[in-house]
Each structure stands twice: as structure tokens, then as C-alpha cells.
file upload02.cif (mmCIF, C-alpha atoms)
data_final
#
loop_
_atom_site.label_atom_id
_atom_site.label_comp_id
_atom_site.auth_asym_id
_atom_site.auth_seq_id
_atom_site.Cartn_x
_atom_site.Cartn_y
_atom_site.Cartn_z
CA MET V 100 15.17 -12.34 -3.25
CA GLU V 101 12.51 -14.19 -1.21
CA ARG V 102 13.48 -17.55 -2.71
CA LEU V 103 17.06 -17.03 -1.51
CA ALA V 104 15.95 -15.67 1.87
CA PHE V 105 13.37 -18.38 2.58
CA GLY V 106 14.52 -21.29 0.41
CA GLY V 107 11.03 -22.10 -0.83
CA PRO V 108 8.29 -21.08 -3.27
CA VAL V 109 5.57 -19.77 -0.92
CA GLU V 110 6.97 -16.34 -0.04
CA PRO V 111 7.89 -15.42 -3.65
CA ALA V 112 4.38 -16.47 -4.71
CA ILE V 113 2.84 -14.21 -2.05
CA VAL V 114 4.90 -11.22 -3.21
CA GLU V 115 3.94 -11.88 -6.83
CA ARG V 116 0.24 -12.07 -5.98
CA VAL V 117 -0.03 -9.07 -3.65
CA SER V 118 2.52 -6.57 -4.98
CA ASP V 119 0.15 -4.86 -7.42
CA LEU V 120 -2.98 -4.94 -5.28
CA GLU V 121 -4.60 -1.84 -3.80
CA GLY V 122 -2.87 -0.78 -0.58
CA ALA V 123 0.30 -2.77 -1.27
CA PHE V 124 3.82 -1.36 -1.18
CA ALA V 125 7.29 -2.77 -0.81
CA LEU V 126 10.72 -1.66 0.33
CA VAL V 127 14.10 -3.05 -0.66
CA ALA V 128 17.50 -2.79 0.97
CA GLU V 129 20.55 -2.62 -1.25
CA GLU V 130 24.26 -2.94 -0.54
CA ASP V 131 26.73 -2.21 -3.33
CA GLY V 132 23.93 -2.31 -5.90
CA GLU V 133 22.70 -5.75 -4.77
CA VAL V 134 19.25 -6.29 -3.29
CA VAL V 135 19.87 -7.86 0.12
CA GLY V 136 16.47 -7.39 1.77
CA HIS V 137 12.81 -6.93 0.90
CA ALA V 138 9.69 -6.11 2.92
CA GLN V 139 6.24 -6.52 1.40
CA PHE V 140 3.19 -4.77 2.80
CA SER V 141 -0.35 -5.49 1.63
CA ARG V 142 -3.98 -4.88 2.54
CA ALA V 143 -5.65 -6.64 5.44
CA TRP V 144 -8.74 -5.89 7.52
CA VAL V 145 -9.69 -5.91 11.18
CA GLY V 146 -13.45 -6.05 11.05
CA GLU V 147 -14.26 -3.53 8.33
CA LEU V 148 -11.21 -1.36 9.06
CA PRO V 149 -8.49 -1.58 6.39
CA VAL V 150 -5.00 -2.00 7.86
CA ALA V 151 -1.61 -2.92 6.43
CA ALA V 152 -0.09 -6.39 6.75
CA LEU V 153 3.67 -6.92 6.83
CA GLY V 154 5.01 -9.99 5.13
CA PRO V 155 6.86 -11.56 3.79
CA ILE V 156 10.04 -9.84 4.87
CA GLY V 157 13.37 -11.41 4.04
CA VAL V 158 17.08 -10.73 4.19
CA LEU V 159 19.70 -12.78 2.38
CA PRO V 160 21.11 -15.36 4.81
CA GLU V 161 24.68 -14.05 4.56
CA ARG V 162 23.49 -10.51 5.39
CA ARG V 163 21.35 -11.31 8.45
CA GLY V 164 22.19 -9.90 11.87
CA ARG V 165 23.26 -6.52 10.47
CA GLY V 166 20.06 -4.57 11.12
CA ILE V 167 18.74 -4.77 7.56
CA GLY V 168 15.39 -6.31 8.56
CA THR V 169 15.03 -3.84 11.43
CA ALA V 170 15.65 -0.92 9.07
CA LEU V 171 13.11 -2.25 6.55
CA ILE V 172 10.51 -2.60 9.29
CA ALA V 173 11.15 0.89 10.70
CA GLU V 174 10.91 2.52 7.27
CA GLY V 175 7.89 0.39 6.40
CA LEU V 176 6.04 1.50 9.53
CA GLU V 177 6.84 5.13 8.70
CA GLU V 178 5.60 4.67 5.12
CA ALA V 179 2.42 3.01 6.40
CA ARG V 180 1.91 5.97 8.76
CA ARG V 181 2.43 8.43 5.86
CA ARG V 182 -0.18 6.51 3.88
CA GLY V 183 -2.66 6.89 6.74
CA GLU V 184 -2.72 3.25 7.81
CA PRO V 185 -4.14 2.95 11.33
CA ALA V 186 -2.14 -0.21 12.11
CA VAL V 187 0.16 -2.87 10.70
CA ILE V 188 -0.36 -6.55 11.49
CA VAL V 189 2.17 -9.36 11.22
CA LEU V 190 2.39 -13.03 12.06
CA GLY V 191 5.84 -13.65 13.47
CA ASP V 192 8.24 -14.21 16.33
CA PRO V 193 7.41 -12.00 19.34
CA ALA V 194 11.11 -11.81 20.29
CA PHE V 195 11.89 -10.26 16.91
CA TYR V 196 8.83 -8.07 16.34
CA GLY V 197 8.27 -6.92 19.94
CA PRO V 198 11.32 -4.64 20.08
CA ARG V 199 10.40 -3.28 16.65
CA GLY V 200 7.08 -1.75 17.73
CA PHE V 201 4.66 -4.68 17.54
CA ILE V 202 2.58 -5.75 20.53
CA ALA V 203 0.62 -8.96 21.00
CA ALA V 204 -2.71 -8.52 19.23
CA ALA V 205 -4.35 -10.28 22.19
CA GLU V 206 -3.54 -7.17 24.27
CA LEU V 207 -6.03 -5.36 22.02
CA GLY V 208 -8.59 -8.16 22.23
CA LEU V 209 -7.72 -9.64 18.83
CA PRO V 210 -7.27 -13.41 18.83
CA ASN V 211 -4.74 -15.01 16.50
CA PRO V 212 -6.77 -16.55 13.66
CA PHE V 213 -3.93 -19.04 13.06
CA ALA V 214 -3.20 -20.09 16.66
CA GLY V 215 -2.60 -23.81 16.94
CA ILE V 216 -1.85 -24.38 13.26
CA GLU V 217 1.29 -26.38 12.60
CA GLU V 218 3.75 -24.83 10.14
CA GLY V 219 6.55 -27.25 9.44
CA SER V 220 8.24 -28.07 12.73
CA PHE V 221 6.50 -25.44 14.89
CA VAL V 222 3.02 -24.55 16.05
CA ILE V 223 1.73 -21.00 15.66
CA ASP V 224 1.13 -19.54 19.12
CA GLU V 225 -1.39 -16.91 20.18
CA GLU V 226 1.38 -14.35 20.82
CA ASP V 227 2.75 -14.73 17.25
CA PHE V 228 -0.01 -12.41 16.00
CA ARG V 229 1.37 -8.88 16.45
CA VAL V 230 0.09 -5.34 15.82
CA ALA V 231 1.85 -2.00 15.47
CA VAL V 232 -0.72 0.72 16.16
CA LEU V 233 0.00 3.80 14.05
CA GLY V 234 -3.13 5.90 14.33
CA ASP V 235 -3.37 8.87 16.63
CA PRO V 236 -5.73 8.55 18.32
CA ALA V 237 -5.36 4.78 18.40
CA PRO V 238 -7.98 3.10 16.22
CA VAL V 239 -10.58 0.73 17.58
CA LEU V 240 -9.48 -2.69 16.39
CA GLU V 241 -12.25 -5.24 16.68
CA GLY V 242 -13.78 -7.93 14.56
CA GLU V 243 -12.51 -10.67 12.31
CA VAL V 244 -8.93 -10.33 11.07
CA ARG V 245 -8.49 -11.04 7.38
CA TRP V 246 -5.41 -11.00 5.18
CA ASP V 247 -5.81 -10.48 1.45
CA PRO V 248 -7.18 -13.66 -0.20
CA ALA V 249 -4.02 -13.73 -2.33
CA PHE V 250 -2.20 -15.20 0.69
CA ASP V 251 -4.44 -18.28 0.56
CA GLU V 252 -3.96 -18.60 -3.19
CA ALA V 253 -0.16 -18.47 -2.86
CA GLY V 254 0.29 -21.02 -0.11
#
call {"tool": "encode", "arguments": {"input": "upload02.cif", "output": "C-alpha cells"}}
result
Amino acid sequence: MERLAFGGPVEPAIVERVSDLEGAFALVAEEDGEVVGHAQFSRAWVGELPVAALGPIGVLPERRGRGIGTALIAEGLEEARRRGEPAVIVLGDPAFYGPRGFIAAAELGLPNPFAGIEEGSFVIDEEDFRVAVLGDPAPVLEGEVRWDPAFDEAG
């Protein structure tokens, strides 16, 4: 699914490496028995606090713009909340993730560990690092942000 959605090997490799790790879960969207979308969640940390990380998330190109990704994110945030995750982090487009419950991590004092890195034809900006706070009361999020090492191994 990720290979079709992204057109490359990195995202499928990430899913393969993180899917069976502690704290990981995934959701799929199906239409007429065909998988048309997938959202992978895995373990990350803010300081010593375990949190969930969203990504990769993909929808088949011919099915985009129909709310499939939005539905996967909404259900994924609910599942993360049910699992007791205090927050979900993601690296992605603020215009897409902002309306779906993610705020700029900088608003919480968390700098983007990837800001300034070039990815293909674009540069990762500070505001691309997003957080959806799920805990009530809101958790204290401070310290170094770390994704599972499997992300480094896959890319």
C-alpha cells in the first residue's frame, strides 16, 4: 500500500521495521474489500516520556481527497487515547495536520529536530513538527524528541 501511495521504498521499509515493535499499531481503510489507506503509529519519546508517532500514513493516489486520510488520523488519535498515549507526534504539512488536531510543537517549547534538513525538493521547516496532545491533564512535554531507531534504519 505504501509503495503505491508514496512511489518509493522508504515508507514501506519503515512500516516493515516498526509494525511489530512495542507501542506500535496500524489502521487500514478499505473500500469494496480493497485496502485504500494505511496509518502506522509507533513509539517515540519526548525526553523520557513515551508518546506515539504517526507515520507513515498513505492513501492510494486515485482515492485521495475523499477524507480517507482524515478518517484514519481521527480513529488513530482515538486509539492512541484509548491506549493511554499522552500525545502523538508527526512530521508533516501544517496545512494538513493543523485542522486534524495537531499544533506546532514549538508552541509547547519543542524544537523540530529535523528543521533545515532538505528532503528531495523541499526543506523541513520548524512548523512541520506537530503534536496532538491527548492527555488530560495535558502532559509536560520537554526534552529531546526521539523517534524509534527503526526509522533511521529504514531510510
call {"tool": "atom_distance", "arguments": {"input": "upload02.cif", "atom1": "atom CA of Ala249 of chain V", "atom2": "atom CA of Leu190 of chain V"}}
result
15.8 Å
call {"tool": "resolve_selection", "arguments": {"input": "upload02.cif", "expression": "the PyMOL selection byres ((chain V and resi 163-167) around 10)", "output": "list in words"}}
result
Ala104, Val127, Ala128, Glu129, Glu130, Val135, Gly136, His137, Gly157, Val158, Leu159, Pro160, Glu161, Arg162, Gly168, Thr169, Ala170, Leu171, Ile172 and Ala173 of chain V
call {"tool": "residues_around", "arguments": {"input": "upload02.cif", "residues": "Pro185 of chain V", "least_positions_apart": "3", "cutoff": "7 Å", "atoms": "all atoms listed in the file", "output": "VMD selection string"}}
result
chain V and resid 150 232 to 234 238
call {"tool": "write_last_selection", "arguments": {"input": "upload02.cif", "atoms": "C-alpha atoms", "output": "compact mmCIF listing (two decimals), keeping the file's coordinate frame"}}
result
# COMPACT_ATOMS: atom_id res chain seq x y z
CA VAL V 150 -5.00 -2.00 7.86
CA VAL V 232 -0.72 0.72 16.16
CA LEU V 233 0.00 3.80 14.05
CA GLY V 234 -3.13 5.90 14.33
CA PRO V 238 -7.98 3.10 16.22
call {"tool": "residues_around", "arguments": {"input": "upload02.cif", "residues": "segment 206-217 of chain V", "least_positions_apart": "4", "cutoff": "8 Å", "atoms": "all atoms listed in the file", "output": "list in words"}}
result
Ile202, Phe221, Val222, Ile223, Asp224, Glu225, Glu226, Asp227, Phe228, Leu240, Glu241, Gly242 and Val244 of chain V
call {"tool": "atom_distance", "arguments": {"input": "upload02.cif", "atom1": "atom CA of Ala231 of chain V", "atom2": "atom CA of Asp247 of chain V"}}
result
18.1 Å
call {"tool": "atom_distance", "arguments": {"input": "upload02.cif", "atom1": "atom CA of Pro155 of chain V", "atom2": "atom CA of Arg181 of chain V"}}
result
20.6 Å
call {"tool": "closest_residue", "arguments": {"input": "upload02.cif", "among": "V:Val239, V:Ala112, V:Val117, V:Ala205", "to": "Glu147 of chain V", "atoms": "all atoms listed in the file"}}
result
V:Val239
call {"tool": "closest_residue", "arguments": {"input": "upload02.cif", "among": "V:Glu177, V:Asp192, V:Glu115, V:Asp251", "to": "Gln139 of chain V", "atoms": "only C-alpha atoms"}}
result
V:Glu115
call {"tool": "resolve_selection", "arguments": {"input": "upload02.cif", "expression": "the PyMOL selection byres ((chain V and resi 124) around 10)", "output": "PyMOL selection string"}}
result
chain V and resi 117-123+125-126+138-142+151+153+175+178-179
call {"tool": "closest_residue", "arguments": {"input": "upload02.cif", "among": "V:Pro236, V:Gly154, V:Pro149, V:Gly219", "to": "Tyr196 of chain V", "atoms": "all atoms listed in the file"}}
result
V:Gly154
call {"tool": "closest_residue", "arguments": {"input": "upload02.cif", "among": "V:Gly191, V:Pro248, V:Ala186, V:Pro198", "to": "Leu148 of chain V", "atoms": "only C-alpha atoms"}}
result
V:Ala186
